Amino acid sequence: MELTFSLRRKEIVELQPMVSEVLVRWPALFCEAEIREEFYRITNNNLMDNFRAALHQHTCRLLRLDQARRRTAFLSEMDQLLNSLDQETSDITALRQTAALKGLPLYLRDSQEKLFRNCFDTDPEEEQMKGLTVGVLTVLEDDDSAAPQSVVNVAVVVEEEIVLQDLPDLPTAFGYLFGLIYALNLKYPKDLRYTFETVQKVFMELGTDLSARSKGVNEKVGEATETGLTTLVEKMNVFKTDLSGLTKVERAGACNSRRLVDKGAPSSMSMAQS
């Protein structure tokens, strides 16, 4: 696949084939390992490691944003999402990350139902994927018992077609979906634009030109990290700034005036917010 990258990329970018055609022409591209490799070839970034690290870093603050939005807006979808989180007693980390991802399009006022869909294993297959341009499909066991419904399959859907399935959880599926968007040179759907922009530029740090909505999320999830890094630099005085001429008051505010931060080496969070 590495030897044919230039040819494949030229075909995908210039001819813009349907995903069904790419599946026939380049079937290996839809394997998990090849999605990771293709993403690295295009961006020089590690897809799943970077995505998981960013999701782990931002989950708590994203959930707080969801909680705040629930108090200020009557969103039934967000209520259901957060109520299910409150009731969970096992595998809480995975569920928190799932809830953070599902809440992101709601917070950004994107169309969550066009990105994340649940269905039953007894539903007709064409109905399960109908209308999903890009999304994650969670197939549940059709069981009438009172017990929580078992997940039968978690799949990635592109152009109403399952291209990757039997994934362990929704965050993993979303990560591979994001990688496939790059590999297939797809445009973000209009009603999911801000969600994917936030993942691209805030989570993955690929680009800095943020829309107002995504910039708002970036400022809220990045504020504590930026403040913490700046304060740490001040306390460590890693650039060996001469503090002898500063009063105690001036020292206390030195990090805010950037006296103790090397202007030539900005933090990654500052770069993301610029």
# chains A, B, ... in the order shown; residues from 1 in each chain; ligands from 1

call {"tool": "closest_atom_pairs", "arguments": {"of": "range 140-185 of chain A", "to": "range 203-212 of chain A", "cutoff": "12 Å", "atoms": "only C-alpha atoms", "output": "Markdown table"}}
result
| residue | atom | partner | partner_atom | distance |
| --- | --- | --- | --- | --- |
| A:Gly175 | CA | A:Met204 | CA | 10.5 |
| A:Phe178 | CA | A:Met204 | CA | 10.2 |
| A:Gly179 | CA | A:Met204 | CA | 11.0 |
| A:Tyr182 | CA | A:Leu206 | CA | 11.6 |

call {"tool": "residues_around", "arguments": {"residues": "range 4-15 of chain A", "least_positions_apart": "6", "cutoff": "9 Å", "atoms": "only C-alpha atoms", "output": "PDB file with N, CA, C and O atoms, in the first residue's frame"}}
result
ATOM      1  N   VAL A  22     -14.019   2.608  -4.433  1.00  0.00           N
ATOM      2  CA  VAL A  22     -12.735   2.502  -3.737  1.00  0.00           C
ATOM      3  C   VAL A  22     -12.632   1.152  -3.022  1.00  0.00           C
ATOM      4  O   VAL A  22     -11.554   0.539  -2.976  1.00  0.00           O
ATOM      5  N   TRP A  26      -9.410  -0.615  -3.974  1.00  0.00           N
ATOM      6  CA  TRP A  26      -8.403  -0.647  -2.911  1.00  0.00           C
ATOM      7  C   TRP A  26      -9.000  -1.239  -1.634  1.00  0.00           C
ATOM      8  O   TRP A  26      -9.160  -0.546  -0.631  1.00  0.00           O
ATOM      9  N   GLU A  38      -2.393   5.056   6.274  1.00  0.00           N
ATOM     10  CA  GLU A  38      -2.739   6.050   5.265  1.00  0.00           C
ATOM     11  C   GLU A  38      -2.853   7.439   5.896  1.00  0.00           C
ATOM     12  O   GLU A  38      -2.410   8.439   5.312  1.00  0.00           O
ATOM     13  N   ARG A  41       0.587   8.715   6.367  1.00  0.00           N
ATOM     14  CA  ARG A  41       1.195   9.148   5.103  1.00  0.00           C
ATOM     15  C   ARG A  41       0.709  10.538   4.701  1.00  0.00           C
ATOM     16  O   ARG A  41       1.460  11.331   4.132  1.00  0.00           O
ATOM     17  N   ALA A 183      -8.416   9.621   4.396  1.00  0.00           N
ATOM     18  CA  ALA A 183      -7.963   8.649   3.400  1.00  0.00           C
ATOM     19  C   ALA A 183      -8.786   8.729   2.121  1.00  0.00           C
ATOM     20  O   ALA A 183      -8.255   8.532   1.018  1.00  0.00           O
ATOM     21  N   LEU A 184     -10.088   9.018   2.246  1.00  0.00           N
ATOM     22  CA  LEU A 184     -10.990   9.081   1.097  1.00  0.00           C
ATOM     23  C   LEU A 184     -11.196  10.503   0.594  1.00  0.00           C
ATOM     24  O   LEU A 184     -11.979  10.723  -0.329  1.00  0.00           O
ATOM     25  N   ASN A 185     -10.500  11.470   1.218  1.00  0.00           N
ATOM     26  CA  ASN A 185     -10.583  12.878   0.822  1.00  0.00           C
ATOM     27  C   ASN A 185     -12.036  13.368   0.800  1.00  0.00           C
ATOM     28  O   ASN A 185     -12.480  14.036  -0.145  1.00  0.00           O
TER      29      ASN A 185
END

call {"tool": "residues_around", "arguments": {"residues": "Thr172 in chain A", "least_positions_apart": "4", "cutoff": "10 Å", "atoms": "only C-alpha atoms", "output": "VMD selection string"}}
result
chain A and resid 48 51 to 52 98 136 154 to 156 167 to 168 176 to 177

call {"tool": "atom_distance", "arguments": {"atom1": "CA of Ile35 in chain A", "atom2": "CA of Leu47 in chain A"}}
result
8.5 Å

call {"tool": "residues_around", "arguments": {"residues": "Lys130 in chain A", "least_positions_apart": "2", "cutoff": "12 Å", "atoms": "only C-alpha atoms", "output": "count of residues only"}}
result
22

call {"tool": "closest_residue", "arguments": {"among": "A:Arg96, A:Arg64, A:Arg193, A:His58", "to": "Gln112 in chain A", "atoms": "only C-alpha atoms"}}
result
A:Arg193

call {"tool": "closest_residue", "arguments": {"among": "A:Ala68, A:Val217, A:Leu186, A:Ala99", "to": "Val19 in chain A", "atoms": "only C-alpha atoms"}}
result
A:Leu186

call {"tool": "atom_distance", "arguments": {"atom1": "CA of Gln165 in chain A", "atom2": "CA of Val24 in chain A"}}
result
17.1 Å

call {"tool": "select_by_dssp", "arguments": {"residues": "range 1-206 of chain A", "states": "strand (DSSP E or B)", "output": "list in words"}}
result
Phe116, Arg117, Asn118, Cys119, Phe120, Val134, Gly135, Val136, Leu137, Thr138, Val139, Leu140, Val151, Val152, Asn153, Val154, Ala155, Val156, Val157, Val158, Glu161, Ile162, Val163 and Leu164 of chain A

call {"tool": "write_last_selection", "arguments": {"atoms": "N, CA and C atoms", "output": "PDB file, in the first residue's frame"}}
result
ATOM      1  N   PHE A 116     -24.225   9.660  14.904  1.00  0.00           N
ATOM      2  CA  PHE A 116     -24.303   8.476  15.758  1.00  0.00           C
ATOM      3  C   PHE A 116     -25.703   7.887  15.675  1.00  0.00           C
ATOM      4  N   ARG A 117     -25.791   6.615  15.327  1.00  0.00           N
ATOM      5  CA  ARG A 117     -27.097   5.990  15.194  1.00  0.00           C
ATOM      6  C   ARG A 117     -27.103   4.631  15.888  1.00  0.00           C
ATOM      7  N   ASN A 118     -28.194   4.357  16.603  1.00  0.00           N
ATOM      8  CA  ASN A 118     -28.444   3.042  17.198  1.00  0.00           C
ATOM      9  C   ASN A 118     -29.555   2.350  16.427  1.00  0.00           C
ATOM     10  N   CYS A 119     -29.453   1.044  16.283  1.00  0.00           N
ATOM     11  CA  CYS A 119     -30.512   0.268  15.658  1.00  0.00           C
ATOM     12  C   CYS A 119     -30.509  -1.126  16.275  1.00  0.00           C
ATOM     13  N   PHE A 120     -31.512  -1.916  15.961  1.00  0.00           N
ATOM     14  CA  PHE A 120     -31.588  -3.296  16.447  1.00  0.00           C
ATOM     15  C   PHE A 120     -31.095  -4.261  15.377  1.00  0.00           C
ATOM     16  N   VAL A 134     -21.651   9.953   6.652  1.00  0.00           N
ATOM     17  CA  VAL A 134     -20.533   9.444   7.449  1.00  0.00           C
ATOM     18  C   VAL A 134     -21.052   9.300   8.877  1.00  0.00           C
ATOM     19  N   GLY A 135     -20.780   8.173   9.501  1.00  0.00           N
ATOM     20  CA  GLY A 135     -21.294   8.003  10.856  1.00  0.00           C
ATOM     21  C   GLY A 135     -20.853   6.712  11.507  1.00  0.00           C
ATOM     22  N   VAL A 136     -21.256   6.572  12.762  1.00  0.00           N
ATOM     23  CA  VAL A 136     -20.984   5.373  13.544  1.00  0.00           C
ATOM     24  C   VAL A 136     -22.310   4.704  13.859  1.00  0.00           C
ATOM     25  N   LEU A 137     -22.413   3.437  13.512  1.00  0.00           N
ATOM     26  CA  LEU A 137     -23.640   2.660  13.713  1.00  0.00           C
ATOM     27  C   LEU A 137     -23.425   1.661  14.842  1.00  0.00           C
ATOM     28  N   THR A 138     -24.278   1.734  15.863  1.00  0.00           N
ATOM     29  CA  THR A 138     -24.234   0.780  16.965  1.00  0.00           C
ATOM     30  C   THR A 138     -25.451  -0.125  16.862  1.00  0.00           C
ATOM     31  N   VAL A 139     -25.203  -1.409  16.657  1.00  0.00           N
ATOM     32  CA  VAL A 139     -26.280  -2.387  16.498  1.00  0.00           C
ATOM     33  C   VAL A 139     -26.515  -3.076  17.835  1.00  0.00           C
ATOM     34  N   LEU A 140     -27.756  -2.995  18.333  1.00  0.00           N
ATOM     35  CA  LEU A 140     -28.119  -3.567  19.627  1.00  0.00           C
ATOM     36  C   LEU A 140     -28.944  -4.830  19.447  1.00  0.00           C
ATOM     37  N   VAL A 151     -24.616  -4.861  22.974  1.00  0.00           N
ATOM     38  CA  VAL A 151     -24.127  -4.348  21.697  1.00  0.00           C
ATOM     39  C   VAL A 151     -23.671  -5.523  20.844  1.00  0.00           C
ATOM     40  N   VAL A 152     -24.253  -5.637  19.667  1.00  0.00           N
ATOM     41  CA  VAL A 152     -23.920  -6.718  18.741  1.00  0.00           C
ATOM     42  C   VAL A 152     -22.776  -6.306  17.823  1.00  0.00           C
ATOM     43  N   ASN A 153     -22.770  -5.044  17.426  1.00  0.00           N
ATOM     44  CA  ASN A 153     -21.768  -4.583  16.463  1.00  0.00           C
ATOM     45  C   ASN A 153     -21.630  -3.070  16.550  1.00  0.00           C
ATOM     46  N   VAL A 154     -20.393  -2.592  16.411  1.00  0.00           N
ATOM     47  CA  VAL A 154     -20.128  -1.156  16.256  1.00  0.00           C
ATOM     48  C   VAL A 154     -19.408  -1.002  14.922  1.00  0.00           C
ATOM     49  N   ALA A 155     -19.987  -0.211  14.022  1.00  0.00           N
ATOM     50  CA  ALA A 155     -19.483  -0.142  12.656  1.00  0.00           C
ATOM     51  C   ALA A 155     -19.318   1.295  12.189  1.00  0.00           C
ATOM     52  N   VAL A 156     -18.443   1.472  11.205  1.00  0.00           N
ATOM     53  CA  VAL A 156     -18.246   2.758  10.542  1.00  0.00           C
ATOM     54  C   VAL A 156     -19.000   2.725   9.214  1.00  0.00           C
ATOM     55  N   VAL A 157     -19.794   3.761   8.986  1.00  0.00           N
ATOM     56  CA  VAL A 157     -20.597   3.847   7.768  1.00  0.00           C
ATOM     57  C   VAL A 157     -20.159   5.068   6.956  1.00  0.00           C
ATOM     58  N   VAL A 158     -19.952   4.864   5.668  1.00  0.00           N
ATOM     59  CA  VAL A 158     -19.643   5.953   4.745  1.00  0.00           C
ATOM     60  C   VAL A 158     -20.519   5.777   3.508  1.00  0.00           C
ATOM     61  N   GLU A 161     -22.942   2.847   3.534  1.00  0.00           N
ATOM     62  CA  GLU A 161     -22.357   1.516   3.391  1.00  0.00           C
ATOM     63  C   GLU A 161     -21.399   1.254   4.542  1.00  0.00           C
ATOM     64  N   ILE A 162     -21.527   0.072   5.164  1.00  0.00           N
ATOM     65  CA  ILE A 162     -20.604  -0.302   6.230  1.00  0.00           C
ATOM     66  C   ILE A 162     -19.241  -0.603   5.621  1.00  0.00           C
ATOM     67  N   VAL A 163     -18.219   0.121   6.075  1.00  0.00           N
ATOM     68  CA  VAL A 163     -16.875  -0.062   5.536  1.00  0.00           C
ATOM     69  C   VAL A 163     -15.921  -0.661   6.568  1.00  0.00           C
ATOM     70  N   LEU A 164     -16.332  -0.675   7.823  1.00  0.00           N
ATOM     71  CA  LEU A 164     -15.507  -1.232   8.902  1.00  0.00           C
ATOM     72  C   LEU A 164     -16.443  -1.601  10.035  1.00  0.00           C
TER      73      LEU A 164
END

call {"tool": "atom_distance", "arguments": {"atom1": "CA of Asp49 in chain A", "atom2": "CA of Lys190 in chain A"}}
result
27.3 Å

call {"tool": "closest_residue", "arguments": {"among": "A:Tyr194, A:Met1, A:Gln200, A:Leu95", "to": "Thr43 in chain A", "atoms": "only C-alpha atoms"}}
result
A:Gln200

call {"tool": "decode", "arguments": {"residues": "range 29-175 of chain A", "atoms": "C-alpha atoms", "output": "mmCIF file, in the first residue's frame"}}
result
data_model
loop_
_atom_site.group_PDB
_atom_site.id
_atom_site.type_symbol
_atom_site.label_atom_id
_atom_site.label_comp_id
_atom_site.auth_asym_id
_atom_site.auth_seq_id
_atom_site.Cartn_x
_atom_site.Cartn_y
_atom_site.Cartn_z
ATOM 1 C CA LEU A 29 -7.487 0.587 2.539
ATOM 2 C CA PHE A 30 -10.463 -0.291 4.750
ATOM 3 C CA CYS A 31 -8.465 -2.412 7.205
ATOM 4 C CA GLU A 32 -7.734 -0.840 10.572
ATOM 5 C CA ALA A 33 -3.948 -0.986 10.192
ATOM 6 C CA GLU A 34 -4.053 0.520 6.697
ATOM 7 C CA ILE A 35 -6.347 3.348 7.790
ATOM 8 C CA ARG A 36 -3.772 4.253 10.433
ATOM 9 C CA GLU A 37 -0.923 4.023 7.922
ATOM 10 C CA GLU A 38 -2.739 6.050 5.265
ATOM 11 C CA PHE A 39 -3.547 8.775 7.781
ATOM 12 C CA TYR A 40 0.123 8.912 8.752
ATOM 13 C CA ARG A 41 1.195 9.148 5.103
ATOM 14 C CA ILE A 42 -1.146 12.113 4.581
ATOM 15 C CA THR A 43 -0.657 14.031 7.842
ATOM 16 C CA ASN A 44 2.523 12.618 9.414
ATOM 17 C CA ASN A 45 0.434 12.091 12.578
ATOM 18 C CA ASN A 46 -0.502 8.947 14.479
ATOM 19 C CA LEU A 47 -4.267 8.544 14.129
ATOM 20 C CA MET A 48 -5.443 6.425 17.048
ATOM 21 C CA ASP A 49 -2.742 7.248 19.587
ATOM 22 C CA ASN A 50 -3.250 11.002 19.127
ATOM 23 C CA PHE A 51 -7.031 10.724 19.056
ATOM 24 C CA ARG A 52 -7.227 8.582 22.200
ATOM 25 C CA ALA A 53 -4.810 10.854 24.054
ATOM 26 C CA ALA A 54 -6.804 13.956 23.100
ATOM 27 C CA LEU A 55 -10.117 12.341 24.021
ATOM 28 C CA HIS A 56 -8.712 11.260 27.382
ATOM 29 C CA GLN A 57 -7.420 14.801 27.978
ATOM 30 C CA HIS A 58 -10.656 16.579 27.056
ATOM 31 C CA THR A 59 -13.379 14.190 28.292
ATOM 32 C CA CYS A 60 -13.890 15.731 31.742
ATOM 33 C CA ARG A 61 -14.167 19.301 30.476
ATOM 34 C CA LEU A 62 -16.417 18.300 27.565
ATOM 35 C CA LEU A 63 -18.787 16.627 30.013
ATOM 36 C CA ARG A 64 -18.808 19.789 32.129
ATOM 37 C CA LEU A 65 -19.737 21.794 29.041
ATOM 38 C CA ASP A 66 -22.586 19.352 28.413
ATOM 39 C CA GLN A 67 -23.762 19.702 32.002
ATOM 40 C CA ALA A 68 -23.716 23.502 31.689
ATOM 41 C CA ARG A 69 -25.637 23.391 28.416
ATOM 42 C CA ARG A 70 -28.255 21.131 30.009
ATOM 43 C CA ARG A 71 -28.836 23.761 32.695
ATOM 44 C CA THR A 72 -29.284 26.527 30.147
ATOM 45 C CA ALA A 73 -31.104 24.708 27.345
ATOM 46 C CA PHE A 74 -33.747 21.994 27.387
ATOM 47 C CA LEU A 75 -32.110 19.420 25.151
ATOM 48 C CA SER A 76 -33.778 16.026 25.543
ATOM 49 C CA GLU A 77 -30.922 14.230 23.768
ATOM 50 C CA MET A 78 -28.366 15.669 26.172
ATOM 51 C CA ASP A 79 -30.560 14.820 29.155
ATOM 52 C CA GLN A 80 -30.768 11.197 28.040
ATOM 53 C CA LEU A 81 -27.040 11.072 27.424
ATOM 54 C CA LEU A 82 -26.067 12.418 30.836
ATOM 55 C CA ASN A 83 -28.737 10.413 32.676
ATOM 56 C CA SER A 84 -27.340 7.191 31.204
ATOM 57 C CA LEU A 85 -23.901 8.232 32.424
ATOM 58 C CA ASP A 86 -25.232 8.838 35.946
ATOM 59 C CA GLN A 87 -26.725 5.333 36.038
ATOM 60 C CA GLU A 88 -23.611 3.503 34.849
ATOM 61 C CA THR A 89 -21.660 1.530 37.453
ATOM 62 C CA SER A 90 -19.179 -0.411 35.289
ATOM 63 C CA ASP A 91 -16.733 0.491 32.517
ATOM 64 C CA ILE A 92 -17.234 4.120 33.451
ATOM 65 C CA THR A 93 -14.175 5.407 31.543
ATOM 66 C CA ALA A 94 -15.372 4.069 28.195
ATOM 67 C CA LEU A 95 -18.877 5.394 28.788
ATOM 68 C CA ARG A 96 -17.609 8.835 29.800
ATOM 69 C CA GLN A 97 -15.606 9.069 26.577
ATOM 70 C CA THR A 98 -18.608 7.890 24.552
ATOM 71 C CA ALA A 99 -20.828 10.454 26.266
ATOM 72 C CA ALA A 100 -18.281 13.223 25.621
ATOM 73 C CA LEU A 101 -18.170 12.392 21.910
ATOM 74 C CA LYS A 102 -21.939 12.106 21.586
ATOM 75 C CA GLY A 103 -22.390 15.382 23.419
ATOM 76 C CA LEU A 104 -19.956 17.279 21.186
ATOM 77 C CA PRO A 105 -22.324 17.742 18.187
ATOM 78 C CA LEU A 106 -25.150 18.634 20.579
ATOM 79 C CA TYR A 107 -23.039 21.320 22.216
ATOM 80 C CA LEU A 108 -21.946 22.649 18.811
ATOM 81 C CA ARG A 109 -25.541 22.549 17.538
ATOM 82 C CA ASP A 110 -24.689 20.027 14.834
ATOM 83 C CA SER A 111 -26.920 17.115 13.829
ATOM 84 C CA GLN A 112 -26.010 14.328 16.254
ATOM 85 C CA GLU A 113 -28.506 11.869 14.773
ATOM 86 C CA LYS A 114 -26.655 12.055 11.454
ATOM 87 C CA LEU A 115 -23.376 11.033 13.083
ATOM 88 C CA PHE A 116 -24.303 8.476 15.758
ATOM 89 C CA ARG A 117 -27.097 5.990 15.194
ATOM 90 C CA ASN A 118 -28.444 3.042 17.198
ATOM 91 C CA CYS A 119 -30.512 0.268 15.658
ATOM 92 C CA PHE A 120 -31.588 -3.296 16.447
ATOM 93 C CA ASP A 121 -30.103 -6.384 14.877
ATOM 94 C CA THR A 122 -33.588 -7.271 13.629
ATOM 95 C CA ASP A 123 -33.949 -4.019 11.651
ATOM 96 C CA PRO A 124 -33.621 -4.345 7.848
ATOM 97 C CA GLU A 125 -30.013 -3.690 6.858
ATOM 98 C CA GLU A 126 -30.885 -0.956 4.375
ATOM 99 C CA GLU A 127 -32.815 0.889 7.089
ATOM 100 C CA GLN A 128 -29.913 0.697 9.525
ATOM 101 C CA MET A 129 -27.656 2.802 7.287
ATOM 102 C CA LYS A 130 -30.208 4.914 5.426
ATOM 103 C CA GLY A 131 -29.241 8.583 5.374
ATOM 104 C CA LEU A 132 -25.802 8.120 6.991
ATOM 105 C CA THR A 133 -23.258 9.966 4.860
ATOM 106 C CA VAL A 134 -20.533 9.444 7.449
ATOM 107 C CA GLY A 135 -21.294 8.003 10.856
ATOM 108 C CA VAL A 136 -20.984 5.373 13.544
ATOM 109 C CA LEU A 137 -23.640 2.660 13.713
ATOM 110 C CA THR A 138 -24.234 0.780 16.965
ATOM 111 C CA VAL A 139 -26.280 -2.387 16.498
ATOM 112 C CA LEU A 140 -28.119 -3.567 19.627
ATOM 113 C CA GLU A 141 -29.622 -6.944 20.383
ATOM 114 C CA ASP A 142 -33.400 -6.865 20.052
ATOM 115 C CA ASP A 143 -34.242 -8.184 23.514
ATOM 116 C CA ASP A 144 -37.480 -7.496 25.384
ATOM 117 C CA SER A 145 -35.953 -8.158 28.799
ATOM 118 C CA ALA A 146 -35.379 -5.375 31.316
ATOM 119 C CA ALA A 147 -31.610 -5.916 31.231
ATOM 120 C CA PRO A 148 -29.439 -3.372 29.375
ATOM 121 C CA GLN A 149 -29.341 -4.071 25.652
ATOM 122 C CA SER A 150 -26.220 -5.870 24.462
ATOM 123 C CA VAL A 151 -24.127 -4.348 21.697
ATOM 124 C CA VAL A 152 -23.920 -6.718 18.741
ATOM 125 C CA ASN A 153 -21.768 -4.583 16.463
ATOM 126 C CA VAL A 154 -20.128 -1.156 16.256
ATOM 127 C CA ALA A 155 -19.483 -0.142 12.656
ATOM 128 C CA VAL A 156 -18.246 2.758 10.542
ATOM 129 C CA VAL A 157 -20.597 3.847 7.768
ATOM 130 C CA VAL A 158 -19.643 5.953 4.745
ATOM 131 C CA GLU A 159 -22.120 6.805 1.991
ATOM 132 C CA GLU A 160 -24.733 4.478 3.518
ATOM 133 C CA GLU A 161 -22.357 1.516 3.391
ATOM 134 C CA ILE A 162 -20.604 -0.302 6.230
ATOM 135 C CA VAL A 163 -16.875 -0.062 5.536
ATOM 136 C CA LEU A 164 -15.507 -1.232 8.902
ATOM 137 C CA GLN A 165 -17.215 -3.241 11.632
ATOM 138 C CA ASP A 166 -16.802 -5.331 14.797
ATOM 139 C CA LEU A 167 -15.004 -2.481 16.522
ATOM 140 C CA PRO A 168 -14.709 -2.542 20.326
ATOM 141 C CA ASP A 169 -16.496 0.727 21.127
ATOM 142 C CA LEU A 170 -17.850 4.001 19.746
ATOM 143 C CA PRO A 171 -14.721 6.133 20.390
ATOM 144 C CA THR A 172 -12.593 3.650 18.446
ATOM 145 C CA ALA A 173 -15.098 3.669 15.588
ATOM 146 C CA PHE A 174 -15.146 7.466 15.529
ATOM 147 C CA GLY A 175 -11.344 7.592 15.393
#
